[in-house]
Each structure stands twice: as C-alpha cells, then as structure tokens.
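What follows is a short report on a single structure.
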Amino acid sequence: MDAEDFPTNRYIVQGLAEQRGLRLVRLPSELDGGLDLDALRSALNGDVVLVVLSLVSYRSGALLDMAQVNDLAHAVGARVVWDVSHAAGAVPVDLAGAGAELAVGCTYKYLNGGPGSPAFLYVRRDLQSRLRQPVWGWYGQRGQFEMGPDYDPVPGIERFLVSTPPLVSLAAIDPALALVEEAGLARIRAKGLRLGRLADDLADAWLTPLGFRPASPRPPERRGSGSHLSCTPDAWRICQALAADAKVVCDYRVPDRLRIGLSPLVTRFTDVWDALARMRDVVAEGAYASRPAGLARVT
Ligand SMILES: *Cc1c(COP(=O)(O)O)cnc(C)c1O
C-alpha cells in the first residue's frame, strides 16, 4: 500500500497483516504528486496478494490511473482494493471498464451524505460468492429470519452486509444521490475542472507571493476535485483564522497544507474567488499569528 494513504486504510491493512502473519509493504510516495507507478511496478512480484490504494489522495488530490494499476497488479496475480472516497461524486469512475475487482468508499464527501452516512463497497459479480465478509452478521445470512445455527451467507453482494443499517442516514443519502444523478458525473467533473483552474490561477496570483505553494498536481485533470495549498509553517494557524474571522472553512492536513474542497454541485465560481481573496487578506493582515499552534481534536 501507499505509505501516505488515509490512516484507516493503513491501520486496517496493518491489523490484518499482523493477525495473519503477512508482510505489509509500504510504498513511499510523494506527498504532493501521489504514488509513482514505477515504485508500484518494482514492488509487484508473485508474492503480492493484495494492493490497497486510494484513487484520489486525501492529502494532495493526486489521481491514479485505475486501469493501469489494475493491469500491473493483475499481471502478477494480485487483487486491488480501491478506496474511491475522494473520487465518488467528483470524478467519473468506471470500475468495470477499468477492470476493477474491489472498491470501497464513503458517501459523505462529494456524494453529500453528511458525516456518518453509509459506506459502500463494490465486488465484481463473479467474485461475490467467492469472497467472504470477515465480520459474520445476520444481515448477510441466507434465510435471515430463520435465525439458523451456523453462518451461511447468501451468494450475492448482500453477503457483505453485517447488521441493521442506519435508517436516518440512508434516508438522507437518497436525495443526495438523486442530485448527483440529475447533474451527471460528466457535467460535475467539467465544472470541477473549471473550479480547479480558477483556484490555481487565483492562488498563483494572490497566495504564492505570500509564501504559499501549490500542493496538488496540475493541471486539475491530474487530481480529484480539491485544491491543496502548502504554507509552511503557518497552515494550521491560517486555517483557524480563516474559519473564525473570514467564514472560510478549509481542512488542515499535516504537515503544512490547507485543503480547499471544491464541490462542483454546490461551490460557485464566486465562492472560490471570495474564499481565496479572504485567504489573501487574512494572511496579509497577519492576525492569524496569535492563533494557537497546538492542533485541535479535529482539523
Ligand atoms: C474520508 C475517507 C474515508 C472514510 O473515513 P471514515 O471516517 O472511516 O468513514 C476512507 N478513506 C478515505 C481515503 C477517506 O478520505
């Protein structure tokens, strides 16, 4: 896996490897540019059973070539689990067309489900009856309400269910997905690219002179829908001042970056303009310097 992947992904794989006595290989990757496919290529050999990668990096937005990675892994007999959390709803993802077998993701980023909304998984149809959910719960059971003595999962995708779904979150995800469907991924992506270009241009004009540095691949075609800026050493203080004084809410991500989430369905071009102008003003005025350096529980 990518040594810079999202923490849960790394910890889950680490836990599984430890339980099963398997060896975990962490590929060093560029914080701004994402995983280099040559690093992946040289790590792949007949011993590799599983590759776990995020299609869009949470820390830089770098977008991988899904089909190419699948081809590389399949050539040595390895399977790939894709985390598409930062891609779903922002970037068209053709899982079947790119030869993907397995994918997981959350619905609370560009799919607008809100925190705690349901996760999803994709298992290519021919693999569904061959792979098992490691957590054996009654929702995956054949004849669920017969309450049988032993776990005997249904053959299809429902075998990956565990227990009663969160109904309020499920109800909220329906209209959220309906909006995405109505707009269509092609149009969402097209607007996302234009938002990204505007953010890049304004950052170059207003923020680079103040000590910022682009921390995502360019042009926007090479990334998901966010724009990431690095500002050493003050990014966390600036992030706090932006939220408190300028009503601009970014994410701070270690070690030195601000993540600007450009959500094409709801973010307007004027929002990008205003947010970056306020960022410029907050930094130029310097009041952020009195904010605490210690990280909050959530950044
Ligand atoms: C947000 C995110 C998740 C989901 O995190 P949870 O809080 O565990 O739901 C998973 N992977 C990536 C890459 C993410 O960015």
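FYI, nothing fancy with the structure tokens labels: chains A, B, ... in order, residues from 1 per chain, ligands from 1 as they appear.
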
If you count only C-alpha atoms and all ligand atoms, which residues end up within 7 Å of ligand 1, as a list of chain:residue names?
A:Asp5, A:Phe6, A:Thr8, A:Asn9, A:Ser54, A:Ser57, A:Tyr58, A:Asp83, A:Val84, A:Ser85, A:His86, A:Gly105, A:Cys106, A:Gly116, A:Ala119

Neighbours of Arg259 of chain A within 7 Å (only C-alpha atoms; same-chain residues fewer than 6 positions away dropped), as a tab-separated table (two decimals) with N, CA and C atoms, in the first residue's frame?
chain	number	residue	atom	x	y	z
A	226	GLY	N	-10.47	18.59	-5.17
A	226	GLY	CA	-9.97	19.57	-4.21
A	226	GLY	C	-8.80	20.34	-4.79
A	227	SER	N	-8.40	21.38	-4.06
A	227	SER	CA	-7.17	22.07	-4.38
A	227	SER	C	-6.40	22.19	-3.08
A	228	HIS	N	-5.13	21.83	-3.10
A	228	HIS	CA	-4.35	21.80	-1.87
A	228	HIS	C	-3.22	22.80	-1.96
A	229	LEU	N	-3.08	23.55	-0.87
A	229	LEU	CA	-2.01	24.55	-0.83
A	229	LEU	C	-1.16	24.30	0.39
A	250	CYS	N	-11.67	25.52	5.65
A	250	CYS	CA	-10.81	24.58	4.91
A	250	CYS	C	-10.49	23.43	5.85
A	251	ASP	N	-9.84	22.42	5.33
A	251	ASP	CA	-9.25	21.40	6.19
A	251	ASP	C	-7.78	21.70	6.30
A	252	TYR	N	-7.24	21.46	7.50
A	252	TYR	CA	-5.78	21.45	7.64
A	252	TYR	C	-5.36	19.98	7.61

As a list in words, please: every residue in segment 60-158 of chain A that a backbone DSSP assignment puts in strand (DSSP E).
Arg79, Val80, Val81, Trp82, Asp83, Leu102, Ala103, Val104, Gly105, Cys106, Ala119, Phe120, Leu121, Tyr122 and Val123 of chain A

Create the file for the chosen residues now, containing N, CA and C atoms and written as a compact mmCIF listing (two decimals), in the first residue's frame.
# COMPACT_ATOMS: atom_id res chain seq x y z
N ARG A 79 -4.81 -8.92 -6.33
CA ARG A 79 -6.05 -8.17 -6.43
C ARG A 79 -5.82 -6.75 -5.92
N VAL A 80 -6.68 -5.83 -6.38
CA VAL A 80 -6.58 -4.45 -5.91
C VAL A 80 -7.88 -4.07 -5.21
N VAL A 81 -7.77 -3.49 -4.01
CA VAL A 81 -8.92 -2.85 -3.36
C VAL A 81 -8.74 -1.35 -3.54
N TRP A 82 -9.70 -0.74 -4.20
CA TRP A 82 -9.66 0.71 -4.42
C TRP A 82 -10.49 1.42 -3.37
N ASP A 83 -9.93 2.46 -2.76
CA ASP A 83 -10.73 3.35 -1.94
C ASP A 83 -11.08 4.54 -2.84
N LEU A 102 -12.50 -4.83 -6.80
CA LEU A 102 -12.98 -4.50 -5.46
C LEU A 102 -12.81 -3.00 -5.20
N ALA A 103 -13.82 -2.40 -4.59
CA ALA A 103 -13.69 -0.99 -4.23
C ALA A 103 -14.54 -0.71 -2.99
N VAL A 104 -14.11 0.27 -2.24
CA VAL A 104 -14.87 0.73 -1.07
C VAL A 104 -14.91 2.26 -1.11
N GLY A 105 -15.84 2.83 -0.37
CA GLY A 105 -15.86 4.29 -0.31
C GLY A 105 -16.87 4.78 0.70
N CYS A 106 -16.81 6.06 0.95
CA CYS A 106 -17.79 6.66 1.86
C CYS A 106 -18.69 7.59 1.04
N ALA A 119 -21.29 3.70 4.26
CA ALA A 119 -20.19 3.39 3.34
C ALA A 119 -20.72 2.46 2.26
N PHE A 120 -19.93 2.26 1.21
CA PHE A 120 -20.36 1.31 0.17
C PHE A 120 -19.18 0.44 -0.24
N LEU A 121 -19.51 -0.67 -0.85
CA LEU A 121 -18.44 -1.47 -1.43
C LEU A 121 -18.88 -2.02 -2.77
N TYR A 122 -17.89 -2.33 -3.59
CA TYR A 122 -18.11 -2.90 -4.91
C TYR A 122 -17.31 -4.20 -4.97
N VAL A 123 -17.99 -5.25 -5.37
CA VAL A 123 -17.30 -6.53 -5.59
C VAL A 123 -17.74 -7.01 -6.95

Quick one: residues within 7 Å of Gly33 of chain A, only C-alpha atoms, excluding same-chain residues fewer than 2 positions away - as a PyMOL selection string?
chain A and resi 30-31+35+60+62+216-217

Test item: residues at most 12 Å from Arg218 of chain A, only C-alpha atoms, excluding those fewer than 3 positions along its chain, as a list in words
Asp32, Gly33, Gly34, Ser60, Gly61, Ala62, Leu63, Leu193, Gly196, Arg197, Ala199, Asp200, Asp201, Pro214, Ala215, Glu221, Arg222, Arg223, Gly224, Ser225, Gly226, Ser227, His228 and Leu229 of chain A

For Gln144 of chain A, the closest of A:Leu127, A:Val162, A:Ala287, A:Ile157 counting only C-alpha atoms is A:Val162

10 Å contact set for Gln141 of chain A, only C-alpha atoms, chain neighbours under 3 positions out, as a PyMOL selection string:
chain A and resi 136-138+144-148+150-155+158-162

For segment 13-28 of chain A: contacts at 7 Å, only C-alpha atoms, fewer than 3 positions along chain excluded, given as a VMD selection string:
chain A and resid 1 to 3 9 to 10 39

Please, could you write that set of residues out with N, CA and C atoms as a PDB file, in the first residue's frame?
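The new file again33.pdb reads:
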ATOM      1  N   MET A   1       0.817  -1.194   0.000  1.00  0.00           N
ATOM      2  CA  MET A   1       0.000   0.000   0.000  1.00  0.00           C
ATOM      3  C   MET A   1       0.855   1.249   0.000  1.00  0.00           C
ATOM      4  N   ASP A   2       0.164   2.362  -0.262  1.00  0.00           N
ATOM      5  CA  ASP A   2       0.837   3.658  -0.285  1.00  0.00           C
ATOM      6  C   ASP A   2       1.087   4.087   1.167  1.00  0.00           C
ATOM      7  N   ALA A   3       2.336   4.363   1.500  1.00  0.00           N
ATOM      8  CA  ALA A   3       2.680   4.753   2.875  1.00  0.00           C
ATOM      9  C   ALA A   3       1.978   6.036   3.295  1.00  0.00           C
ATOM     10  N   ASN A   9      -7.199   3.140   6.266  1.00  0.00           N
ATOM     11  CA  ASN A   9      -6.795   2.123   5.299  1.00  0.00           C
ATOM     12  C   ASN A   9      -5.494   1.458   5.746  1.00  0.00           C
ATOM     13  N   ARG A  10      -4.544   2.287   6.169  1.00  0.00           N
ATOM     14  CA  ARG A  10      -3.248   1.729   6.585  1.00  0.00           C
ATOM     15  C   ARG A  10      -3.401   0.892   7.847  1.00  0.00           C
ATOM     16  N   ALA A  39       7.335   2.916  -8.607  1.00  0.00           N
ATOM     17  CA  ALA A  39       7.523   2.337  -7.269  1.00  0.00           C
ATOM     18  C   ALA A  39       6.601   1.133  -7.106  1.00  0.00           C
TER      19      ALA A  39
END

From the set A:Ala293, A:Ala183, A:Val52, A:Ala98, which residue has the shortest atom-to-atom contact distance to Asp65 of chain A, counting only C-alpha atoms?
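Among the listed residues, A:Ala98 lies closest to Asp65 of chain A.
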
Tell me, as a VMD selection string, which residues lie within 10 Å of Gly156 of chain A, counting only C-alpha atoms; anything in the same chain fewer than 4 positions away does not count.
chain A and resid 123 125 to 131 140 160

Resulting file, chosen residues, C-alpha atoms, as a compact mmCIF listing (two decimals), in the first residue's frame:
# COMPACT_ATOMS: atom_id res chain seq x y z
CA VAL A 123 -17.30 -6.53 -5.59
CA ARG A 125 -20.07 -10.02 -9.70
CA ASP A 126 -18.07 -13.18 -10.38
CA LEU A 127 -16.19 -12.72 -7.10
CA GLN A 128 -19.17 -12.12 -4.89
CA SER A 129 -19.83 -15.73 -3.98
CA ARG A 130 -16.10 -16.46 -3.58
CA LEU A 131 -15.19 -13.74 -1.13
CA GLY A 140 -25.64 -11.49 5.25
CA PHE A 160 -21.22 -8.28 2.77

If you run DSSP on the backbone here, which positions in segment 4-40 of chain A get alpha helix (DSSP H)? Please write them as JSON, numbers by chain.
{"A": [7, 8, 9, 10, 11, 12, 13, 14, 15, 16, 17, 18, 19, 20, 37, 38, 39, 40]}

Taking only C-alpha atoms into account, name the residue in A:Gly114, A:Arg41, A:Arg59, A:Ala87 that is nearest to Arg253 of chain A.
A:Arg59
